[in-house]
Each structure stands twice: as C-alpha cells, then as structure tokens.
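**Q** Got final.cif for you, mmCIF, C-alpha atoms:
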```cif
data_run
#
loop_
_atom_site.group_PDB
_atom_site.id
_atom_site.type_symbol
_atom_site.label_atom_id
_atom_site.label_comp_id
_atom_site.auth_asym_id
_atom_site.auth_seq_id
_atom_site.Cartn_x
_atom_site.Cartn_y
_atom_site.Cartn_z
ATOM 1 C CA PRO A 1 -44.353 15.872 -10.941
ATOM 2 C CA THR A 2 -42.008 16.569 -13.835
ATOM 3 C CA GLU A 3 -40.768 19.808 -12.249
ATOM 4 C CA TRP A 4 -39.224 17.737 -9.432
ATOM 5 C CA HIS A 5 -37.343 15.369 -11.731
ATOM 6 C CA GLY A 6 -33.617 15.399 -10.916
ATOM 7 C CA VAL A 7 -34.099 17.497 -7.791
ATOM 8 C CA LYS A 8 -32.138 16.346 -4.721
ATOM 9 C CA LEU A 9 -35.135 16.249 -2.421
ATOM 10 C CA ALA A 10 -33.189 15.844 0.824
ATOM 11 C CA ARG A 11 -31.509 19.221 0.318
ATOM 12 C CA HIS A 12 -34.910 20.886 0.217
ATOM 13 C CA VAL A 13 -36.827 19.158 2.986
ATOM 14 C CA TYR A 14 -34.021 18.790 5.547
ATOM 15 C CA ASN A 15 -33.407 22.486 5.600
ATOM 16 C CA ARG A 16 -34.227 24.997 8.342
ATOM 17 C CA LYS A 17 -35.527 27.596 5.911
ATOM 18 C CA TRP A 18 -37.835 25.030 4.323
ATOM 19 C CA TRP A 19 -39.027 23.967 7.779
ATOM 20 C CA THR A 20 -39.771 27.551 8.840
ATOM 21 C CA LYS A 21 -41.551 28.404 5.624
ATOM 22 C CA HIS A 22 -43.623 25.265 5.042
ATOM 23 C CA ILE A 23 -43.991 23.314 8.301
ATOM 24 C CA ALA A 24 -43.598 25.494 11.390
ATOM 25 C CA LYS A 25 -46.920 26.182 13.134
ATOM 26 C CA LYS A 26 -48.812 24.054 10.598
ATOM 27 C CA SER A 27 -49.904 20.988 12.555
ATOM 28 C CA ASP A 28 -51.882 19.532 9.651
ATOM 29 C CA ARG A 29 -48.705 19.312 7.571
ATOM 30 C CA VAL A 30 -46.845 17.710 10.477
ATOM 31 C CA ALA A 31 -49.583 15.061 10.604
ATOM 32 C CA GLN A 32 -49.281 14.503 6.852
ATOM 33 C CA LEU A 33 -45.522 14.033 7.119
ATOM 34 C CA ASN A 34 -45.951 11.600 10.021
ATOM 35 C CA LYS A 35 -48.403 9.603 7.935
ATOM 36 C CA ILE A 36 -45.847 9.051 5.149
ATOM 37 C CA GLY A 37 -43.034 8.208 7.601
ATOM 38 C CA PHE A 38 -41.053 11.433 7.513
ATOM 39 C CA VAL A 39 -37.705 11.030 9.334
ATOM 40 C CA TRP A 40 -37.651 13.822 11.910
ATOM 41 C CA GLU A 41 -34.248 12.742 13.223
ATOM 42 C CA ARG A 42 -32.740 14.356 10.146
ATOM 43 C CA MET A 43 -34.022 17.767 11.266
ATOM 44 C CA GLN A 44 -31.004 18.650 13.387
ATOM 45 C CA PRO A 45 -27.860 20.748 12.845
ATOM 46 C CA GLU A 46 -25.877 19.246 9.984
ATOM 47 C CA TRP A 47 -22.698 19.050 12.058
ATOM 48 C CA ASN A 48 -24.422 16.904 14.699
ATOM 49 C CA LEU A 49 -25.733 14.585 12.005
ATOM 50 C CA PHE A 50 -22.306 14.365 10.386
ATOM 51 C CA MET A 51 -20.587 13.511 13.675
ATOM 52 C CA GLU A 52 -23.207 10.877 14.472
ATOM 53 C CA ALA A 53 -22.537 9.323 11.084
ATOM 54 C CA MET A 54 -18.757 9.446 11.586
ATOM 55 C CA VAL A 55 -18.965 7.781 14.993
ATOM 56 C CA THR A 56 -21.162 5.042 13.527
ATOM 57 C CA TYR A 57 -18.827 4.560 10.555
ATOM 58 C CA ARG A 58 -15.865 4.156 12.905
ATOM 59 C CA SER A 59 -17.699 1.594 15.043
ATOM 60 C CA ILE A 60 -18.495 -0.463 11.931
ATOM 61 C CA TYR A 61 -15.256 -0.165 9.933
ATOM 62 C CA GLY A 62 -12.664 0.581 12.605
ATOM 63 C CA ASP A 63 -11.522 3.907 11.132
ATOM 64 C CA VAL A 64 -12.879 7.065 9.497
ATOM 65 C CA MET A 65 -11.213 6.654 6.087
ATOM 66 C CA VAL A 66 -14.528 7.130 4.314
ATOM 67 C CA PRO A 67 -14.412 6.511 0.528
ATOM 68 C CA ALA A 68 -15.486 9.574 -1.456
ATOM 69 C CA SER A 69 -18.359 7.657 -3.042
ATOM 70 C CA PHE A 70 -19.741 6.264 0.218
ATOM 71 C CA VAL A 71 -23.437 6.934 0.882
ATOM 72 C CA ILE A 72 -25.055 5.666 4.066
ATOM 73 C CA PRO A 73 -27.355 2.771 3.131
ATOM 74 C CA ARG A 74 -31.091 2.971 3.605
ATOM 75 C CA ASP A 75 -32.998 0.456 5.743
ATOM 76 C CA ASN A 76 -29.832 -0.544 7.604
ATOM 77 C CA ASN A 77 -30.358 -0.805 11.347
ATOM 78 C CA GLU A 78 -26.669 -0.179 12.059
ATOM 79 C CA TRP A 79 -27.342 3.448 11.152
ATOM 80 C CA SER A 80 -29.944 5.786 12.639
ATOM 81 C CA LYS A 81 -32.737 6.754 10.266
ATOM 82 C CA GLY A 82 -31.544 10.344 10.322
ATOM 83 C CA CYS A 83 -28.340 9.260 8.606
ATOM 84 C CA TRP A 84 -29.877 7.181 5.818
ATOM 85 C CA ASP A 85 -28.882 8.334 2.311
ATOM 86 C CA LEU A 86 -26.377 10.826 3.727
ATOM 87 C CA PRO A 87 -23.475 11.217 1.224
ATOM 88 C CA LEU A 88 -20.897 10.844 3.974
ATOM 89 C CA GLY A 89 -17.925 10.317 1.642
ATOM 90 C CA ASN A 90 -18.666 13.508 -0.244
ATOM 91 C CA ILE A 91 -19.045 15.476 2.987
ATOM 92 C CA VAL A 92 -15.679 14.191 4.242
ATOM 93 C CA HIS A 93 -14.066 15.098 0.924
ATOM 94 C CA ARG A 94 -15.436 18.650 1.059
ATOM 95 C CA LEU A 95 -14.355 19.022 4.671
ATOM 96 C CA ARG A 96 -10.742 18.202 3.738
ATOM 97 C CA LEU A 97 -10.833 20.320 0.598
ATOM 98 C CA ARG A 98 -12.800 23.363 1.740
ATOM 99 C CA HIS A 99 -12.828 22.986 5.543
ATOM 100 C CA ASP A 100 -16.635 22.839 5.629
ATOM 101 C CA PHE A 101 -17.955 23.201 9.212
ATOM 102 C CA LEU A 102 -14.570 24.517 10.363
ATOM 103 C CA THR A 103 -15.151 28.245 10.426
ATOM 104 C CA GLY A 104 -16.124 30.573 13.224
ATOM 105 C CA ASP A 105 -15.910 30.149 16.983
ATOM 106 C CA THR A 106 -16.531 26.388 16.925
ATOM 107 C CA ALA A 107 -13.752 25.549 14.459
ATOM 108 C CA ILE A 108 -11.125 24.458 17.012
ATOM 109 C CA GLU A 109 -13.623 22.456 19.065
ATOM 110 C CA ARG A 110 -14.900 20.653 15.983
ATOM 111 C CA LYS A 111 -11.388 19.930 14.731
ATOM 112 C CA ASN A 112 -10.573 18.399 18.119
ATOM 113 C CA GLN A 113 -13.677 16.224 17.864
ATOM 114 C CA LEU A 114 -12.517 14.914 14.500
ATOM 115 C CA ASP A 115 -8.976 14.352 15.770
ATOM 116 C CA GLY A 116 -10.451 12.313 18.604
ATOM 117 C CA LEU A 117 -12.012 9.993 16.033
ATOM 118 C CA GLY A 118 -8.687 9.569 14.246
ATOM 119 C CA PHE A 119 -9.677 11.728 11.288
ATOM 120 C CA VAL A 120 -7.026 11.797 8.537
ATOM 121 C CA TRP A 121 -6.528 15.304 7.200
ATOM 122 C CA ASP A 122 -3.879 14.450 4.610
ATOM 123 C CA VAL A 123 -4.770 11.164 2.911
ATOM 124 C CA SER A 124 -1.670 11.171 0.717
ATOM 125 C CA GLU A 125 0.665 11.469 3.711
ATOM 126 C CA HIS A 126 -1.324 8.849 5.616
ATOM 127 C CA ASN A 127 -1.049 6.360 2.742
ATOM 128 C CA PHE A 128 2.666 7.020 2.339
ATOM 129 C CA ARG A 129 3.302 6.477 6.047
ATOM 130 C CA LYS A 130 1.379 3.211 5.863
ATOM 131 C CA PHE A 131 3.542 2.092 2.925
ATOM 132 C CA LEU A 132 6.736 3.150 4.705
ATOM 133 C CA THR A 133 5.747 1.269 7.853
ATOM 134 C CA ALA A 134 4.960 -1.890 5.884
ATOM 135 C CA LEU A 135 8.328 -1.710 4.096
ATOM 136 C CA SER A 136 10.192 -1.256 7.375
ATOM 137 C CA ILE A 137 8.489 -4.255 8.977
ATOM 138 C CA PHE A 138 9.089 -6.401 5.891
ATOM 139 C CA SER A 139 12.786 -5.512 5.929
ATOM 140 C CA LYS A 140 13.102 -6.274 9.646
ATOM 141 C CA LEU A 141 11.397 -9.672 9.317
ATOM 142 C CA GLU A 142 13.506 -10.620 6.281
ATOM 143 C CA GLN A 143 16.728 -9.789 8.119
ATOM 144 C CA GLU A 144 15.642 -11.844 11.123
ATOM 145 C CA GLU A 145 14.788 -14.876 8.982
ATOM 146 C CA HIS A 146 17.763 -14.726 6.588
ATOM 147 C CA GLU A 147 20.624 -13.289 8.605
ATOM 148 C CA HIS A 148 23.441 -13.994 6.145
ATOM 149 C CA THR A 149 21.653 -14.620 2.876
ATOM 150 C CA ILE A 150 20.204 -11.225 2.002
ATOM 151 C CA MET A 151 21.604 -7.807 1.329
ATOM 152 C CA ALA A 152 20.762 -5.981 4.523
ATOM 153 C CA SER A 153 20.812 -2.544 2.904
ATOM 154 C CA THR A 154 18.319 -3.355 0.134
ATOM 155 C CA ILE A 155 14.624 -4.191 0.449
ATOM 156 C CA ARG A 156 13.321 -6.647 -2.120
ATOM 157 C CA VAL A 157 9.603 -7.260 -1.929
ATOM 158 C CA PRO A 158 8.147 -9.871 -4.319
ATOM 159 C CA SER A 159 5.740 -8.163 -6.718
ATOM 160 C CA LYS A 160 2.825 -10.340 -5.557
ATOM 161 C CA PHE A 161 3.544 -10.123 -1.835
ATOM 162 C CA VAL A 162 0.512 -9.390 0.343
ATOM 163 C CA VAL A 163 0.835 -8.940 4.099
ATOM 164 C CA PRO A 164 -0.547 -12.126 5.662
ATOM 165 C CA SER A 165 -3.617 -11.992 7.852
ATOM 166 C CA ASP A 166 -3.520 -13.496 11.340
ATOM 167 C CA ASP A 167 0.244 -12.900 11.533
ATOM 168 C CA TYR A 168 0.693 -10.887 14.689
ATOM 169 C CA ARG A 169 4.188 -9.815 13.724
ATOM 170 C CA TRP A 170 2.305 -7.329 11.561
ATOM 171 C CA PRO A 171 -0.128 -4.743 12.978
ATOM 172 C CA MET A 172 -3.729 -5.621 12.113
ATOM 173 C CA ILE A 173 -4.146 -2.406 10.135
ATOM 174 C CA LEU A 174 -1.671 -3.826 7.590
ATOM 175 C CA TRP A 175 -3.215 -7.281 7.197
ATOM 176 C CA SER A 176 -3.978 -8.020 3.519
ATOM 177 C CA TYR A 177 -1.994 -4.927 2.455
ATOM 178 C CA PRO A 178 -0.688 -5.459 -1.148
ATOM 179 C CA LEU A 179 2.879 -4.360 -0.439
ATOM 180 C CA GLY A 180 4.408 -5.870 -3.586
ATOM 181 C CA GLU A 181 1.859 -4.138 -5.794
ATOM 182 C CA ARG A 182 2.485 -0.828 -4.035
ATOM 183 C CA CYS A 183 6.264 -1.146 -4.542
ATOM 184 C CA THR A 184 5.729 -1.608 -8.271
ATOM 185 C CA ALA A 185 3.415 1.407 -8.409
ATOM 186 C CA VAL A 186 5.937 3.568 -6.539
ATOM 187 C CA ARG A 187 8.685 2.630 -9.002
ATOM 188 C CA GLN A 188 6.667 2.792 -12.208
ATOM 189 C CA LYS A 189 4.095 5.503 -11.474
ATOM 190 C CA GLN A 190 5.779 7.447 -8.662
ATOM 191 C CA LEU A 191 2.867 6.678 -6.357
ATOM 192 C CA TYR A 192 3.145 8.711 -3.111
ATOM 193 C CA VAL A 193 6.511 10.253 -4.114
ATOM 194 C CA LYS A 194 5.839 12.422 -7.172
ATOM 195 C CA GLY A 195 6.779 15.947 -6.174
ATOM 196 C CA HIS A 196 7.828 14.791 -2.694
ATOM 197 C CA PRO A 197 11.647 14.514 -2.540
ATOM 198 C CA LEU A 198 11.629 14.048 1.237
ATOM 199 C CA ARG A 199 9.468 10.957 0.833
ATOM 200 C CA GLN A 200 11.878 9.593 -1.771
ATOM 201 C CA GLN A 201 14.729 10.192 0.650
ATOM 202 C CA ALA A 202 12.877 8.427 3.475
ATOM 203 C CA LEU A 203 12.402 5.350 1.281
ATOM 204 C CA GLU A 204 16.031 5.285 0.177
ATOM 205 C CA GLU A 205 17.230 5.561 3.775
ATOM 206 C CA ILE A 206 15.531 2.262 4.702
ATOM 207 C CA GLY A 207 16.827 0.438 1.611
ATOM 208 C CA PHE A 208 14.175 0.964 -1.057
ATOM 209 C CA ARG A 209 15.646 0.931 -4.572
ATOM 210 C CA TRP A 210 14.071 2.522 -7.624
ATOM 211 C CA SER A 211 15.191 -0.262 -9.937
ATOM 212 C CA GLY A 212 13.049 -3.384 -9.735
ATOM 213 C CA ASN A 213 13.928 -6.755 -8.216
ATOM 214 C CA ALA A 214 15.115 -8.090 -11.583
ATOM 215 C CA THR A 215 17.778 -5.370 -11.855
ATOM 216 C CA LEU A 216 18.884 -5.851 -8.277
ATOM 217 C CA GLY A 217 19.043 -9.618 -8.831
ATOM 218 C CA TRP A 218 21.209 -9.197 -11.906
ATOM 219 C CA LEU A 219 23.698 -7.010 -10.020
ATOM 220 C CA ASP A 220 24.137 -9.777 -7.452
ATOM 221 C CA VAL A 221 24.476 -12.454 -10.129
ATOM 222 C CA VAL A 222 27.078 -10.599 -12.168
ATOM 223 C CA HIS A 223 29.023 -9.692 -9.008
ATOM 224 C CA ALA A 224 29.121 -13.322 -7.868
ATOM 225 C CA ALA A 225 29.919 -14.448 -11.415
ATOM 226 C CA ALA A 226 32.898 -12.078 -11.563
ATOM 227 C CA ILE A 227 34.339 -13.474 -8.328
ATOM 228 C CA TYR A 228 33.768 -17.072 -9.424
ATOM 229 C CA SER A 229 35.376 -16.365 -12.834
ATOM 230 C CA GLN A 230 38.440 -14.795 -11.219
ATOM 231 C CA MET A 231 38.800 -17.787 -8.890
ATOM 232 C CA HIS A 232 38.559 -20.262 -11.809
ATOM 233 C CA GLY A 233 40.909 -18.832 -14.396
ATOM 234 C CA ARG A 234 38.397 -16.592 -16.191
ATOM 235 C CA VAL A 235 36.041 -19.516 -16.809
ATOM 236 C CA LEU A 236 32.445 -19.140 -15.662
ATOM 237 C CA ASN A 237 30.810 -22.554 -15.547
ATOM 238 C CA PRO A 238 29.779 -23.375 -11.959
ATOM 239 C CA PRO A 239 27.979 -26.661 -11.149
ATOM 240 C CA LEU A 240 24.193 -26.439 -10.937
ATOM 241 C CA GLN A 241 24.369 -27.028 -7.181
ATOM 242 C CA PHE A 242 26.877 -24.246 -6.531
ATOM 243 C CA VAL A 243 25.801 -21.821 -3.810
ATOM 244 C CA VAL A 244 27.938 -18.874 -2.730
ATOM 245 C CA PRO A 245 29.487 -20.010 0.564
ATOM 246 C CA SER A 246 29.777 -18.174 3.848
ATOM 247 C CA PRO A 247 32.949 -18.476 5.991
ATOM 248 C CA PRO A 248 33.425 -21.863 7.730
ATOM 249 C CA THR A 249 32.508 -20.356 11.116
ATOM 250 C CA PRO A 250 30.870 -17.028 11.970
ATOM 251 C CA ASP A 251 34.003 -15.754 13.775
ATOM 252 C CA SER A 252 36.519 -17.376 11.452
ATOM 253 C CA GLU A 253 39.941 -15.755 11.087
ATOM 254 C CA LEU A 254 39.327 -15.972 7.336
ATOM 255 C CA ASP A 255 36.326 -13.661 7.659
ATOM 256 C CA GLY A 256 38.277 -10.572 6.657
ATOM 257 C CA LEU A 257 39.944 -12.399 3.751
ATOM 258 C CA TRP A 258 36.843 -14.226 2.554
ATOM 259 C CA PRO A 259 36.363 -13.461 -1.174
ATOM 260 C CA TRP A 260 32.591 -13.477 -1.075
ATOM 261 C CA PRO A 261 30.826 -10.383 0.386
ATOM 262 C CA GLU A 262 28.200 -11.104 3.009
ATOM 263 C CA ARG A 263 25.303 -9.920 0.869
ATOM 264 C CA LEU A 264 26.010 -12.719 -1.637
ATOM 265 C CA TRP A 265 26.164 -15.579 0.880
ATOM 266 C CA GLY A 266 23.591 -18.205 0.003
ATOM 267 C CA LEU A 267 23.100 -17.000 -3.589
ATOM 268 C CA LYS A 268 22.324 -20.007 -5.824
ATOM 269 C CA LEU A 269 24.707 -18.975 -8.573
ATOM 270 C CA GLY A 270 24.678 -22.312 -10.399
ATOM 271 C CA GLN A 271 20.882 -22.269 -10.696
ATOM 272 C CA ARG A 272 20.790 -18.598 -11.682
ATOM 273 C CA LEU A 273 23.247 -19.134 -14.525
ATOM 274 C CA LYS A 274 21.333 -22.192 -15.708
ATOM 275 C CA ASP A 275 18.246 -19.978 -15.855
ATOM 276 C CA VAL A 276 20.251 -17.567 -18.007
ATOM 277 C CA ARG A 277 21.093 -20.354 -20.454
ATOM 278 C CA VAL A 278 17.754 -22.140 -20.529
ATOM 279 C CA LYS A 279 15.201 -19.388 -19.897
ATOM 280 C CA GLY A 280 17.068 -16.260 -20.930
ATOM 281 C CA ALA A 281 16.704 -14.938 -17.381
ATOM 282 C CA TYR A 282 17.934 -11.335 -17.013
ATOM 283 C CA LEU A 283 18.479 -11.139 -20.793
ATOM 284 C CA LYS A 284 15.291 -9.381 -21.806
ATOM 285 C CA GLY A 285 14.773 -5.683 -22.336
ATOM 286 C CA PRO A 286 17.103 -2.861 -23.351
ATOM 287 C CA ASP A 287 20.065 -4.143 -21.265
ATOM 288 C CA ALA A 288 20.106 -7.640 -22.785
ATOM 289 C CA ASN A 289 23.107 -7.125 -25.087
ATOM 290 C CA ILE A 290 25.128 -5.351 -22.408
ATOM 291 C CA ARG A 291 24.521 -8.215 -19.969
ATOM 292 C CA LYS A 292 25.466 -10.841 -22.575
ATOM 293 C CA ALA A 293 28.708 -8.957 -23.179
ATOM 294 C CA GLN A 294 29.396 -8.881 -19.430
ATOM 295 C CA LEU A 295 28.993 -12.642 -19.235
ATOM 296 C CA ASP A 296 31.181 -13.173 -22.301
ATOM 297 C CA ASN A 297 33.936 -11.081 -20.719
ATOM 298 C CA LEU A 298 33.770 -13.312 -17.642
ATOM 299 C CA GLY A 299 34.230 -16.462 -19.752
ATOM 300 C CA PHE A 300 30.656 -17.692 -19.446
ATOM 301 C CA VAL A 301 30.116 -21.118 -20.977
ATOM 302 C CA TRP A 302 26.844 -20.834 -22.885
ATOM 303 C CA THR A 303 26.731 -24.512 -23.949
ATOM 304 C CA PRO A 304 28.495 -26.631 -21.344
ATOM 305 C CA LYS A 305 29.541 -30.152 -22.240
ATOM 306 C CA ARG A 306 27.110 -32.798 -21.112
ATOM 307 C CA GLY A 307 27.938 -36.237 -19.871
ATOM 308 C CA ARG A 308 26.498 -39.300 -21.576
ATOM 309 C CA ARG A 309 22.810 -39.672 -20.722
ATOM 310 C CA ARG A 310 21.668 -42.876 -19.131
ATOM 311 C CA ARG A 311 19.375 -45.031 -21.133
ATOM 312 C CA SER A 312 15.918 -45.309 -19.656
#
```
Represent the structure from my file as structure tokens, please.
**A**
Amino acid sequence: PTEWHGVKLARHVYNRKWWTKHIAKKSDRVAQLNKIGFVWERMQPEWNLFMEAMVTYRSIYGDVMVPASFVIPRDNNEWSKGCWDLPLGNIVHRLRLRHDFLTGDTAIERKNQLDGLGFVWDVSEHNFRKFLTALSIFSKLEQEEHEHTIMASTIRVPSKFVVPSDDYRWPMILWSYPLGERCTAVRQKQLYVKGHPLRQQALEEIGFRWSGNATLGWLDVVHAAAIYSQMHGRVLNPPLQFVVPSPPTPDSELDGLWPWPERLWGLKLGQRLKDVRVKGAYLKGPDANIRKAQLDNLGFVWTPKRGRRRRS
C-alpha cells in the first residue's frame, strides 16, 4: 500500500506496544504471521538482541569495531534470524554518542558486558594508540636491523610502507596496516593529532618528525656534504661510490675524534649528490633556491669532468 512506502517496517512490528495492541491474545493473527515466516526471535528486549549481535560480530571479525554503515546481512546462517537486517553499526554509533541502553540501574552492568567484549568507547584514541604502537615497533625493528646506519632519534617510514602479514615480529592486529600512508596523513592533515597536543608530544618523544622524509633526507645530505667539503678544501665532488664511513673498529680510540656523526654512517653521499645533479633530487619546491645556494657555498661541482668514454 502506498501509505507504507518509505516506512521502516521493522521499527513498527518488532515493538512491544505493537505486539500488545495488534497480536497479543489474537491467535488467528499469530497463525497468519507464522504462515508468512515471521521471525519471532526478534521479539525480545532490544539490549539482548544487540548483545547477541555484538557477540556474533566479534566471533566473525575478531573485534567489535563495527563500521557505522554495517547492517547484519539477511539469509546468512552465521547470524541468528532475529539479528537479520539489524543496523548494528548505527546502534553502536548511537551508543557511543548518546549512551543508548546505558541509563538506569542496569547501566554499570551493561557497560561491563561491553568492556568484556573489548568495546572501544573512544575510536579516535584507539586509532591513535594503534598508530603509535605501529610507529614504535617500526622504529625498534629498524634500529635492530641497521644499528649504525640510521638516525636513532628519528623515525622515517617510507610513504608506501604497509605492515607485512605473516611477520610475527608484528602483532596480528597490525598486519596489513598502512603505516606509511598514516604518517603522511598525520603530517599533512593532522590526522589523530588536531587539537590534541599531548598526542603530538607522544609522537615527538619516540622520534616522529613533522617534516617529511624528503626534508629529513636533505638535512642529512647537506650535513654530510659540509663535512666532506671541509675535509677536501671546500670542494664538494665525492666519487659516486663514496659512502660515509664508520670508525675502523667499534671501540676505536678514534671514535671520539671521528669527524662523521653516527647518524650519518652508511649514507651514500656520492649517489645522493649524483641524484641532485641528474634528477634534481631535493631541489623541488619552495626551498629549491636555498638548497642550491647551500651547495654552492660548499663548493659543489655541478658538472664534474668526465673521463674519455670507451668506444663500444
């Protein structure tokens, strides 16, 4: 009938008032509903139905981070019939926003039930903590794998880095986590940290930097270039194969006098400066002219002499 168009039928029929008014003590109507397959399981307190759905969701997906748009699918045997078509995501959203179900004498008991399922009350904080954990693990693994070739106090995550699956150095909850993409979003869009200075501080304390990897890379290059230039009479033209050296032995007496700081050990300065010449690496954007001037002041050779090429 046209008068029912657009009406959310479930709200009307799965309602105690509707049941009392139209069905109670009317066996012929019960028989009619049975004939068309009416789902009686839905006729229970809404909280019980919600908790049944949450328990089922957790058993299927491993958590209760229900997307706001999630609706329980119909004709799916993983779910009881009473839960079919239930807008579970919307219910979860309203519970966080308005504390639906959490009033009166049962509020504490119900909150404890949700806590027992691992319910996340503050999604923003949960997502930030997940990001912070991933960053910390990444930093730890990088330091273990590259003891003397990275700057221990700075975390540099490649922009396309995704936490590998089946790598048990990472907790399973982080497998396939797009950490590089999240780092970019934090820097460019203030994801997780806008209006949260304590979160910004927490990131900085573990080595997160608000400038991107390109800026951090340039600071290392120009630092190494300055040392090389000073050591070579203000001429900056290292061989392509030049790599910033570490001391001859880990406990060398020269360690304290070594001109190269530890964070630069292993830096492929020759290759980086070739990339500057050939590809214009680091020389794009608003700082391009300033960086060119820095290199000029260090005696950078923009067009090094080439030896005679061999005939093929």
**Q** Hey, can you pull every residue with an atom no more than 10 Å from (16.7, 1.5, 0.9), using only C-alpha atoms, and send it as a list in words?
**A** Leu135, Ser136, Ser139, Ala152, Ser153, Thr154, Ile155, Arg156, Gln200, Gln201, Ala202, Leu203, Glu204, Glu205, Ile206, Gly207, Phe208, Arg209 and Trp210 of chain A
**Q** For this file, the PyMOL selection byres ((chain A and resi 165) around 7) selects which residues, as a list in words?
**A**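 That selection, the PyMOL selection byres ((chain A and resi 165) around 7), comes back as Val163, Pro164, Asp166, Asp167, Trp175 and Ser176 of chain A.
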**Q** Could you please determine the separation between atom CA of A:Asn48 and atom CA of A:Leu95 in Å, to one decimal place?
**A**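 Atom CA of A:Leu95 lies at a distance of 14.4 Å from atom CA of A:Asn48.
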**Q** Calculate how many Å separate atom CA of A:Asn90 from atom CA of A:Met172, rounding to one decimal.
**A** 27.2 Å
**Q** Atom CA of A:Val55 to atom CA of A:Ile173: how many Å, to one decimal?
**A** 18.6 Å
**Q** Identify which of the residues A:Val120, A:Ile91, A:Val278, A:Leu269 lies closest to A:Ile227, counting all atoms listed in the file when measuring atom-to-atom distances.
**A**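 Closest to A:Ile227 of all the choices is A:Leu269.
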**Q** Find the spatial neighbours of A:Leu298, counting all atoms listed in the file, within a cut-off of 7 Å - ignore same-chain residues fewer than 2 positions away - and output them as a list in words.
**A**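 With the cut-off at 7 Å, the set is Ala226, Ser229, Arg234, Val235, Leu236, Gln294, Leu295, Asp296 and Phe300 of chain A.
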**Q** For this file, the PyMOL selection byres ((chain A and resi 181) around 9) selects which residues, as a list of chain:residue names?
**A**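 Selected by the PyMOL selection byres ((chain A and resi 181) around 9) here: A:Pro158, A:Ser159, A:Lys160, A:Phe161, A:Val162, A:Pro178, A:Leu179, A:Gly180, A:Arg182, A:Cys183, A:Thr184, A:Ala185, A:Val186.
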**Q** Apply the PyMOL selection byres ((chain A and resi 137) around 12) to the file shown and report the selected residues as an NGL selection string.
**A** :A and (130-136 or 138-144 or 155 or 157 or 163 or 168-171 or 174 or 179 or 206)
